[in-house]
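*Asks:* The following file, upload-v1.json, comprises JSON, C-alpha atoms:
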```json
[["chain", "number", "residue", "atom", "x", "y", "z"],
["A", 152, "MET", "CA", 16.22, -51.40, -41.78],
["A", 153, "GLU", "CA", 15.03, -52.08, -38.22],
["A", 154, "PRO", "CA", 16.70, -50.24, -35.38],
["A", 155, "ALA", "CA", 18.87, -52.49, -33.25],
["A", 156, "ASP", "CA", 16.64, -52.18, -30.18],
["A", 157, "MET", "CA", 13.33, -52.69, -31.94],
["A", 158, "ASN", "CA", 12.67, -55.94, -30.08],
["A", 159, "HIS", "CA", 13.65, -54.61, -26.68],
["A", 160, "SER", "CA", 11.26, -52.94, -24.25],
["A", 161, "ALA", "CA", 12.14, -51.44, -20.90],
["A", 162, "PRO", "CA", 10.35, -53.08, -17.97],
["A", 163, "ASP", "CA", 8.29, -50.65, -15.92],
["A", 164, "ASP", "CA", 8.84, -49.75, -12.28],
["A", 165, "ALA", "CA", 6.40, -52.38, -11.01],
["A", 166, "GLN", "CA", 8.15, -55.16, -12.94],
["A", 167, "ILE", "CA", 11.53, -54.04, -11.62],
["A", 168, "GLU", "CA", 10.19, -54.02, -8.08],
["A", 169, "ILE", "CA", 8.70, -57.51, -8.48],
["A", 170, "LEU", "CA", 12.07, -58.75, -9.73],
["A", 171, "LEU", "CA", 13.95, -57.09, -6.88],
["A", 172, "ARG", "CA", 11.55, -58.37, -4.24],
["A", 173, "LYS", "CA", 11.72, -61.96, -5.47],
["A", 174, "PRO", "CA", 12.75, -63.87, -2.33],
["A", 175, "LEU", "CA", 16.10, -65.61, -2.42],
["A", 176, "ALA", "CA", 16.46, -69.06, -0.89],
["A", 177, "PRO", "CA", 17.35, -68.68, 2.80],
["A", 178, "LEU", "CA", 20.90, -69.55, 3.74],
["A", 179, "SER", "CA", 21.28, -72.71, 5.81],
["A", 180, "ALA", "CA", 21.42, -71.84, 9.50],
["A", 181, "ASP", "CA", 22.88, -75.05, 10.98],
["A", 182, "ASP", "CA", 26.64, -74.49, 10.92],
["A", 183, "PHE", "CA", 26.42, -70.76, 11.35],
["A", 184, "THR", "CA", 24.11, -70.88, 14.37],
["A", 185, "ALA", "CA", 26.27, -73.51, 16.05],
["A", 186, "ARG", "CA", 29.33, -71.34, 15.43],
["A", 187, "VAL", "CA", 27.68, -68.26, 16.96],
["A", 188, "LEU", "CA", 26.36, -70.12, 20.00],
["A", 189, "ALA", "CA", 29.76, -71.72, 20.60],
["A", 190, "ALA", "CA", 31.40, -68.29, 20.53],
["A", 191, "LEU", "CA", 29.05, -66.73, 23.11],
["A", 192, "PRO", "CA", 30.71, -65.67, 26.37],
["A", 193, "PRO", "CA", 30.27, -68.03, 29.34],
["A", 194, "ALA", "CA", 26.83, -67.93, 30.91],
["A", 195, "ARG", "CA", 26.64, -65.22, 33.51],
["A", 196, "SER", "CA", 25.20, -66.09, 36.89],
["A", 197, "MET", "CA", 22.06, -64.10, 37.48],
["A", 198, "PRO", "CA", 21.22, -64.17, 41.20],
["A", 199, "ASP", "CA", 17.58, -63.62, 42.03],
["A", 200, "PRO", "CA", 17.42, -60.03, 43.38],
["A", 201, "ALA", "CA", 14.35, -60.75, 45.60],
["A", 202, "PRO", "CA", 16.13, -62.41, 48.57],
["A", 203, "ARG", "CA", 18.78, -59.69, 48.63],
["A", 204, "ARG", "CA", 16.06, -57.04, 48.65],
["A", 205, "MET", "CA", 14.28, -58.82, 51.53],
["A", 206, "ILE", "CA", 17.53, -58.88, 53.52],
["A", 207, "PHE", "CA", 18.02, -55.13, 53.03],
["A", 208, "VAL", "CA", 14.43, -54.32, 54.02],
["A", 209, "GLY", "CA", 14.56, -56.64, 57.04],
["A", 210, "ALA", "CA", 17.91, -55.28, 58.20],
["A", 211, "GLY", "CA", 16.60, -51.72, 57.82],
["A", 212, "ALA", "CA", 13.49, -52.50, 59.86],
["A", 213, "ILE", "CA", 15.51, -54.16, 62.63],
["A", 214, "ALA", "CA", 17.96, -51.26, 62.69],
["A", 215, "GLY", "CA", 15.06, -48.78, 62.94],
["A", 216, "VAL", "CA", 13.43, -50.65, 65.82],
["A", 217, "ALA", "CA", 16.78, -50.95, 67.60],
["A", 218, "PHE", "CA", 17.47, -47.24, 67.14],
["A", 219, "ALA", "CA", 14.03, -46.33, 68.52],
["A", 220, "GLY", "CA", 14.55, -48.70, 71.44],
["A", 221, "VAL", "CA", 17.92, -47.18, 72.32],
["A", 222, "ARG", "CA", 16.56, -43.63, 72.07],
["A", 223, "LEU", "CA", 13.47, -44.27, 74.17],
["A", 224, "GLY", "CA", 14.97, -46.59, 76.78],
["A", 225, "SER", "CA", 11.81, -48.19, 78.25],
["A", 226, "TRP", "CA", 8.03, -48.62, 77.66],
["A", 227, "SER", "CA", 7.24, -46.20, 80.44],
["A", 228, "LYS", "CA", 9.15, -43.57, 78.56],
["A", 229, "VAL", "CA", 7.18, -44.42, 75.41],
["A", 230, "ALA", "CA", 3.94, -43.89, 77.36],
["A", 231, "GLN", "CA", 5.33, -40.66, 78.72],
["A", 232, "GLU", "CA", 6.17, -39.40, 75.20],
["A", 233, "TRP", "CA", 2.82, -40.53, 73.75],
["A", 234, "PRO", "CA", 1.01, -37.14, 74.10],
["A", 235, "THR", "CA", 3.91, -35.43, 72.30],
["A", 236, "LEU", "CA", 3.65, -37.97, 69.51],
["A", 237, "GLN", "CA", -0.12, -37.44, 69.29],
["A", 238, "ALA", "CA", 0.38, -33.69, 69.05],
["A", 239, "ALA", "CA", 2.91, -34.17, 66.28],
["A", 240, "PHE", "CA", 0.48, -36.35, 64.33],
["A", 241, "ALA", "CA", -2.26, -33.76, 64.83],
["A", 242, "GLN", "CA", 0.03, -31.09, 63.36],
["A", 243, "LEU", "CA", 0.72, -33.39, 60.44],
["A", 244, "ALA", "CA", -3.01, -33.92, 59.86],
["A", 245, "ILE", "CA", -3.53, -30.14, 59.72],
["A", 246, "ALA", "CA", -0.68, -29.79, 57.27],
["A", 247, "PHE", "CA", -2.20, -32.51, 55.04],
["A", 248, "GLY", "CA", -5.47, -30.59, 55.05],
["A", 249, "ASP", "CA", -3.72, -27.74, 53.24],
["A", 250, "GLN", "CA", -4.39, -27.94, 49.49],
["A", 251, "GLN", "CA", -1.05, -26.40, 48.52],
["A", 252, "MET", "CA", 0.75, -28.95, 50.67],
["A", 253, "LEU", "CA", -1.21, -31.76, 48.96],
["A", 254, "LEU", "CA", -0.40, -30.36, 45.51],
["A", 255, "GLY", "CA", 3.30, -30.17, 46.42],
["A", 256, "LEU", "CA", 3.23, -33.76, 47.62],
["A", 257, "ALA", "CA", 1.42, -34.91, 44.48],
["A", 258, "ILE", "CA", 4.00, -33.23, 42.23],
["A", 259, "THR", "CA", 6.88, -34.70, 44.24],
["A", 260, "SER", "CA", 5.32, -38.19, 44.11],
["A", 261, "ALA", "CA", 4.69, -37.92, 40.37],
["A", 262, "SER", "CA", 8.26, -36.83, 39.67],
["A", 263, "LEU", "CA", 9.64, -39.66, 41.83],
["A", 264, "LEU", "CA", 7.41, -42.16, 40.05],
["A", 265, "GLY", "CA", 8.48, -40.74, 36.68],
["A", 266, "ALA", "CA", 12.16, -41.09, 37.59],
["A", 267, "LEU", "CA", 11.53, -44.66, 38.75],
["A", 268, "LEU", "CA", 9.76, -45.58, 35.51],
["A", 269, "LEU", "CA", 12.52, -44.04, 33.42],
["A", 270, "THR", "CA", 15.16, -46.17, 35.09],
["A", 271, "HIS", "CA", 13.01, -49.34, 35.29],
["A", 272, "PRO", "CA", 10.41, -49.25, 32.48],
["A", 273, "LEU", "CA", 7.33, -51.36, 33.08],
["A", 274, "ARG", "CA", 6.70, -54.19, 30.63],
["A", 275, "LEU", "CA", 3.01, -53.78, 30.00],
["A", 276, "PRO", "CA", 1.33, -55.53, 27.05],
["A", 277, "LEU", "CA", 0.09, -52.17, 25.75],
["A", 278, "SER", "CA", 3.55, -50.67, 25.74],
["A", 279, "PHE", "CA", 5.08, -53.61, 23.89],
["A", 280, "PRO", "CA", 7.32, -52.46, 21.05],
["A", 281, "ARG", "CA", 6.51, -53.03, 17.39],
["A", 282, "TRP", "CA", 8.57, -56.18, 17.07],
["A", 283, "HIS", "CA", 7.33, -58.76, 14.62],
["B", 219, "MET", "CA", 2.90, -70.75, 17.46],
["B", 220, "SER", "CA", 6.52, -69.62, 17.49],
["B", 221, "PRO", "CA", 7.37, -66.80, 19.89],
["B", 222, "SER", "CA", 7.84, -63.30, 18.50],
["B", 223, "ASP", "CA", 11.23, -61.61, 18.38],
["B", 224, "GLY", "CA", 10.13, -59.45, 21.30],
["B", 225, "GLU", "CA", 9.35, -62.48, 23.45],
["B", 226, "LEU", "CA", 12.66, -64.13, 22.61],
["B", 227, "VAL", "CA", 14.57, -60.93, 23.33],
["B", 228, "ALA", "CA", 12.76, -60.58, 26.66],
["B", 229, "ARG", "CA", 13.74, -64.15, 27.58],
["B", 230, "VAL", "CA", 17.40, -63.47, 26.82],
["B", 231, "GLN", "CA", 17.27, -60.20, 28.76],
["B", 232, "ALA", "CA", 15.55, -61.76, 31.76],
["B", 233, "SER", "CA", 17.41, -65.03, 32.16],
["B", 234, "ASP", "CA", 20.24, -65.19, 29.62],
["B", 235, "ASP", "CA", 18.23, -67.83, 27.72],
["B", 236, "ARG", "CA", 20.72, -69.22, 25.16],
["B", 237, "ALA", "CA", 18.08, -71.30, 23.40],
["B", 238, "ALA", "CA", 16.01, -68.16, 22.80],
["B", 239, "PHE", "CA", 19.07, -66.38, 21.43],
["B", 240, "GLY", "CA", 19.72, -69.41, 19.21],
["B", 241, "GLN", "CA", 16.20, -69.04, 17.80],
["B", 242, "LEU", "CA", 16.88, -65.39, 17.05],
["B", 243, "VAL", "CA", 20.09, -66.35, 15.24],
["B", 244, "VAL", "CA", 18.31, -69.02, 13.19],
["B", 245, "ARG", "CA", 15.57, -66.56, 12.31],
["B", 246, "HIS", "CA", 17.78, -63.65, 11.24],
["B", 247, "GLN", "CA", 21.07, -65.18, 10.14],
["B", 248, "SER", "CA", 20.08, -65.43, 6.49],
["B", 249, "ALA", "CA", 19.15, -61.74, 6.19],
["B", 250, "VAL", "CA", 22.25, -60.57, 8.06],
["B", 251, "ARG", "CA", 24.59, -62.82, 6.08],
["B", 252, "ARG", "CA", 23.00, -61.81, 2.77],
["B", 253, "PHE", "CA", 23.36, -58.14, 3.69],
["B", 254, "LEU", "CA", 27.03, -58.62, 4.56],
["B", 255, "ARG", "CA", 27.64, -60.73, 1.46],
["B", 256, "HIS", "CA", 26.17, -57.89, -0.53],
["B", 257, "LEU", "CA", 28.47, -55.39, 1.18],
["B", 258, "ALA", "CA", 31.49, -57.69, 0.86],
["B", 259, "ARG", "CA", 30.65, -58.18, -2.81],
["B", 260, "GLY", "CA", 30.20, -61.89, -2.51],
["B", 261, "ASN", "CA", 33.17, -62.63, -0.25],
["B", 262, "HIS", "CA", 31.35, -65.24, 1.84],
["B", 263, "ALA", "CA", 34.17, -65.89, 4.31],
["B", 264, "ILE", "CA", 34.50, -62.26, 5.35],
["B", 265, "ALA", "CA", 30.73, -61.79, 5.34],
["B", 266, "ASP", "CA", 30.13, -64.79, 7.60],
["B", 267, "ASP", "CA", 32.89, -63.75, 10.01],
["B", 268, "LEU", "CA", 31.31, -60.31, 10.25],
["B", 269, "ALA", "CA", 27.86, -61.87, 10.66],
["B", 270, "GLN", "CA", 29.18, -63.88, 13.60],
["B", 271, "GLU", "CA", 30.66, -60.71, 15.12],
["B", 272, "THR", "CA", 27.33, -58.99, 14.55],
["B", 273, "PHE", "CA", 25.41, -61.62, 16.53],
["B", 274, "LEU", "CA", 27.98, -61.68, 19.33],
["B", 275, "HIS", "CA", 27.81, -57.90, 19.56],
["B", 276, "ALA", "CA", 24.00, -58.07, 19.54],
["B", 277, "TYR", "CA", 24.10, -60.62, 22.37],
["B", 278, "ARG", "CA", 26.32, -58.39, 24.48],
["B", 279, "GLN", "CA", 24.17, -55.31, 23.82],
["B", 280, "LEU", "CA", 20.79, -57.00, 24.07],
["B", 281, "HIS", "CA", 20.13, -55.76, 27.60],
["B", 282, "GLY", "CA", 20.04, -52.22, 26.17],
["B", 283, "PHE", "CA", 17.65, -53.09, 23.32],
["B", 284, "ARG", "CA", 14.28, -51.46, 24.04],
["B", 285, "GLY", "CA", 12.55, -52.17, 20.74],
["B", 286, "ALA", "CA", 12.63, -48.64, 19.31],
["B", 287, "ALA", "CA", 13.37, -50.32, 15.95],
["B", 288, "ASP", "CA", 12.56, -53.80, 14.68],
["B", 289, "PHE", "CA", 15.02, -56.37, 15.97],
["B", 290, "SER", "CA", 15.98, -57.23, 12.38],
["B", 291, "THR", "CA", 16.70, -53.57, 11.53],
["B", 292, "TRP", "CA", 18.72, -53.21, 14.73],
["B", 293, "LEU", "CA", 20.79, -56.25, 13.69],
["B", 294, "LEU", "CA", 21.37, -54.84, 10.21],
["B", 295, "GLY", "CA", 22.57, -51.60, 11.80],
["B", 296, "ILE", "CA", 25.13, -53.51, 13.87],
["B", 297, "ALA", "CA", 26.16, -55.48, 10.79],
["B", 298, "HIS", "CA", 26.65, -52.28, 8.83],
["B", 299, "ASN", "CA", 28.84, -50.78, 11.58],
["B", 300, "HIS", "CA", 30.96, -53.93, 11.68],
["B", 301, "TRP", "CA", 31.26, -53.83, 7.92],
["B", 302, "ARG", "CA", 32.39, -50.18, 7.95],
["B", 303, "ASN", "CA", 35.06, -50.92, 10.55],
["B", 304, "ALA", "CA", 36.23, -54.01, 8.70],
["B", 305, "TRP", "CA", 36.26, -52.17, 5.39],
["B", 306, "ARG", "CA", 38.48, -49.43, 6.82],
["B", 307, "ARG", "CA", 40.82, -52.09, 8.23],
["B", 308, "ILE", "CA", 40.90, -54.07, 4.98],
["B", 309, "ARG", "CA", 41.58, -50.97, 2.91],
["B", 310, "ARG", "CA", 44.49, -50.06, 5.18],
["B", 311, "GLU", "CA", 46.03, -53.52, 5.21],
["B", 312, "THR", "CA", 45.25, -55.20, 1.91],
["B", 313, "PRO", "CA", 45.06, -54.13, -1.70],
["B", 314, "LEU", "CA", 41.49, -54.42, -2.96],
["B", 315, "ASP", "CA", 42.08, -57.30, -5.34],
["B", 316, "GLU", "CA", 43.74, -59.41, -2.67],
["B", 317, "ALA", "CA", 40.86, -58.81, -0.31],
["B", 318, "GLY", "CA", 38.59, -60.37, -2.87],
["B", 319, "MET", "CA", 36.31, -57.37, -2.91],
["B", 320, "ALA", "CA", 37.41, -55.57, -6.00],
["B", 321, "GLU", "CA", 34.84, -53.57, -7.88],
["B", 322, "PRO", "CA", 32.97, -56.01, -10.09],
["B", 323, "ALA", "CA", 33.89, -56.28, -13.70],
["B", 324, "ALA", "CA", 31.58, -54.89, -16.32],
["B", 325, "ALA", "CA", 28.76, -57.18, -17.34],
["B", 326, "PRO", "CA", 29.48, -59.45, -20.28],
["B", 327, "ALA", "CA", 27.91, -58.18, -23.45],
["B", 328, "VAL", "CA", 26.03, -61.40, -24.09],
["B", 329, "HIS", "CA", 22.38, -62.11, -23.55],
["B", 330, "GLN", "CA", 21.78, -64.27, -20.50],
["B", 331, "SER", "CA", 18.67, -66.36, -20.48],
["B", 332, "ASP", "CA", 18.16, -66.46, -16.76],
["B", 333, "LEU", "CA", 16.34, -63.40, -15.52],
["B", 334, "ARG", "CA", 17.93, -63.54, -12.09],
["B", 335, "GLN", "CA", 21.37, -63.55, -13.63],
["B", 336, "ASP", "CA", 20.38, -60.62, -15.79],
["B", 337, "LEU", "CA", 19.22, -58.76, -12.74],
["B", 338, "ASP", "CA", 22.36, -59.56, -10.75],
["B", 339, "THR", "CA", 24.54, -58.48, -13.65],
["B", 340, "ALA", "CA", 22.55, -55.29, -14.07],
["B", 341, "LEU", "CA", 22.70, -54.58, -10.34],
["B", 342, "ARG", "CA", 26.48, -54.71, -10.45],
["B", 343, "GLN", "CA", 26.43, -51.87, -12.95],
["B", 344, "LEU", "CA", 24.90, -49.49, -10.41],
["B", 345, "SER", "CA", 26.79, -47.35, -7.93],
["B", 346, "ALA", "CA", 27.48, -48.90, -4.51],
["B", 347, "GLU", "CA", 24.94, -46.53, -2.90],
["B", 348, "GLU", "CA", 22.23, -47.43, -5.39],
["B", 349, "GLN", "CA", 22.89, -51.14, -4.92],
["B", 350, "LEU", "CA", 22.80, -50.75, -1.15],
["B", 351, "ALA", "CA", 19.54, -48.79, -1.20],
["B", 352, "LEU", "CA", 17.91, -51.34, -3.52],
["B", 353, "HIS", "CA", 19.17, -54.28, -1.45],
["B", 354, "LEU", "CA", 17.83, -52.82, 1.79],
["B", 355, "GLY", "CA", 14.61, -51.53, 0.28],
["B", 356, "PHE", "CA", 13.60, -54.57, -1.74],
["B", 357, "GLN", "CA", 15.54, -57.62, -0.62],
["B", 358, "GLN", "CA", 15.49, -56.76, 3.10],
["B", 359, "GLY", "CA", 12.12, -55.00, 2.94],
["B", 360, "LEU", "CA", 13.13, -51.90, 4.90],
["B", 361, "SER", "CA", 11.18, -48.65, 4.69],
["B", 362, "HIS", "CA", 12.79, -45.44, 3.45],
["B", 363, "GLY", "CA", 12.99, -44.18, 7.02],
["B", 364, "GLU", "CA", 14.64, -47.38, 8.24],
["B", 365, "ILE", "CA", 17.22, -47.27, 5.45],
["B", 366, "ALA", "CA", 17.91, -43.62, 6.22],
["B", 367, "ALA", "CA", 18.39, -44.38, 9.92],
["B", 368, "LEU", "CA", 20.55, -47.42, 9.25],
["B", 369, "LEU", "CA", 22.88, -45.75, 6.76],
["B", 370, "ASP", "CA", 22.73, -42.30, 8.31],
["B", 371, "TRP", "CA", 21.49, -40.79, 5.06],
["B", 372, "PRO", "CA", 18.72, -38.21, 4.66],
["B", 373, "VAL", "CA", 15.44, -39.81, 3.52],
["B", 374, "GLY", "CA", 15.61, -37.76, 0.33],
["B", 375, "THR", "CA", 18.97, -39.32, -0.53],
["B", 376, "VAL", "CA", 17.51, -42.80, -0.01],
["B", 377, "LYS", "CA", 14.63, -42.00, -2.36],
["B", 378, "THR", "CA", 17.01, -40.57, -4.94],
["B", 379, "HIS", "CA", 19.27, -43.64, -4.91],
["B", 380, "LEU", "CA", 16.26, -45.96, -5.17],
["B", 381, "ALA", "CA", 14.75, -44.02, -8.04],
["B", 382, "ARG", "CA", 18.05, -43.74, -9.91],
["B", 383, "GLY", "CA", 18.83, -47.38, -9.32],
["B", 384, "LYS", "CA", 15.48, -48.50, -10.67],
["B", 385, "GLU", "CA", 15.77, -46.20, -13.65],
["B", 386, "LYS", "CA", 19.20, -47.58, -14.53],
["B", 387, "LEU", "CA", 17.97, -51.15, -14.09],
["B", 388, "ARG", "CA", 15.10, -50.46, -16.46],
["B", 389, "HIS", "CA", 17.50, -49.44, -19.21],
["B", 390, "LEU", "CA", 20.01, -52.21, -18.51],
["B", 391, "LEU", "CA", 17.37, -54.93, -18.46],
["B", 392, "ALA", "CA", 15.75, -53.59, -21.61],
["B", 393, "ALA", "CA", 19.07, -53.84, -23.39],
["B", 394, "TRP", "CA", 19.72, -57.39, -22.19],
["B", 395, "ASN", "CA", 16.28, -58.96, -22.34],
["B", 396, "PRO", "CA", 15.04, -59.24, -25.86],
["B", 397, "GLN", "CA", 11.32, -59.96, -26.08],
["B", 398, "THR", "CA", 10.62, -63.16, -27.91]]
```
Is it possible to express this structure as structure tokens?
*Replies:*
Amino acid sequence: MEPADMNHSAPDDAQIEILLRKPLAPLSADDFTARVLAALPPARSMPDPAPRRMIFVGAGAIAGVAFAGVRLGSWSKVAQEWPTLQAAFAQLAIAFGDQQMLLGLAITSASLLGALLLTHPLRLPLSFPRWH
Amino acid sequence: MSPSDGELVARVQASDDRAAFGQLVVRHQSAVRRFLRHLARGNHAIADDLAQETFLHAYRQLHGFRGAADFSTWLLGIAHNHWRNAWRRIRRETPLDEAGMAEPAAAPAVHQSDLRQDLDTALRQLSAEEQLALHLGFQQGLSHGEIAALLDWPVGTVKTHLARGKEKLRHLLAAWNPQT
């Protein structure tokens, strides 16, 4: 007498995987998409940040010029203070000639740039994520 | 050529482009709804409500999406979280049978001619974890690592559930599919 499962054979792993991977018909998107879009919160206004930035920079520049004007008083005083200013710049030039000072500045700049990139990552084509 | 997910996401992030978000919904709704229907054991109403919540949540969180994972995997993760929350709520409030998500009945002991039906019936015989791993691995096409990250399982556990699931399916399908 034949065993009951004589005619049965277990499919192998590959066959099972083919069966499992068989694509199902996609579900219709029409009603669902409309439902989701209708339920989205009201559009948020997104003001362009550029004009605001320009206003801040401009106001800062004007304030700086005004402050300098108040401190110095007149052009004759500016001319009078000019040698002092030149001496200060000369000191600065000497300081920039120092390698350790340059290294310190480079490290500070790099860390500032790093912090800036961490908060506002650049969208470069090479750094694009692996989205399909 | 249709824009990539990344391009559509960038458009939503930059200018709250609803049309771009609509395209993302059209593109991914089927996978998300199928995943939730799988979790809700065929309860389409609950699954579609959760799918809607998933997309709304994704829309609100899109500004924080940096593309560390595929957009589709990220969506499935949100869907899974919504499902877990809903499941806890349902279990607290409603008996299982009333919720329409009772454990499936055992497969009928008759030979079914349609292979897909055989497979579906066999799948229902597996544990919930095995079904979930097989669904994500084969029907959603996720890698072991992606499944592990999504379900918060170790990769080894994912592999074990997949292997056990396939092994059980092999036996179940052999018993139900006589060769002619």
*Asks:* What are the residues of chain B lining chain A at 7 Å or less? Count all atoms listed in the file, and put the answer as an NGL selection string.
*Replies:* :B and (222-224 or 240 or 243-244 or 247-248 or 270 or 274 or 285-286 or 288-289 or 356-357 or 384 or 388-389 or 391-393 or 395-397)
*Asks:* Tell me which of B:Ala232, B:Gln241, B:Trp305, B:Leu257 sits closest to Gly282 of chain B, counting all atoms listed in the file.
*Replies:*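 Of all the options, B:Ala232 lies closest to Gly282 of chain B.
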*Asks:* Could you work out how far atom CA of Glu347 of chain B lies from atom CA of Leu390 of chain B, giving the answer in Å with one decimal?
*Replies:*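 Answer for the atom CA of Leu390 of chain B to atom CA of Glu347 of chain B separation: 17.3 Å.
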*Asks:* Quick check, in Å to one decimal: how far apart do atom CA of Arg255 of chain B and atom CA of Gly295 of chain B lie?
*Replies:*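 Computed distance, atom CA of Arg255 of chain B to atom CA of Gly295 of chain B, equals 14.7 Å.
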*Asks:* State, in Å with one decimal place, the distance from atom CA of Leu242 of chain B to atom CA of Ala367 of chain B.
*Replies:*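 Atom-to-atom, atom CA of Leu242 of chain B to atom CA of Ala367 of chain B, that is 22.2 Å.
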*Asks:* Mind listing as a list in words all residues within 8 Å of (14.9, -50.8, 4.8), counting all atoms listed in the file?
*Replies:* Thr291, Ala351, Leu354, Gly355, Phe356, Gln358, Gly359, Leu360, Ser361, His362, Gly363, Glu364, Ile365, Ala366 and Leu368 of chain B
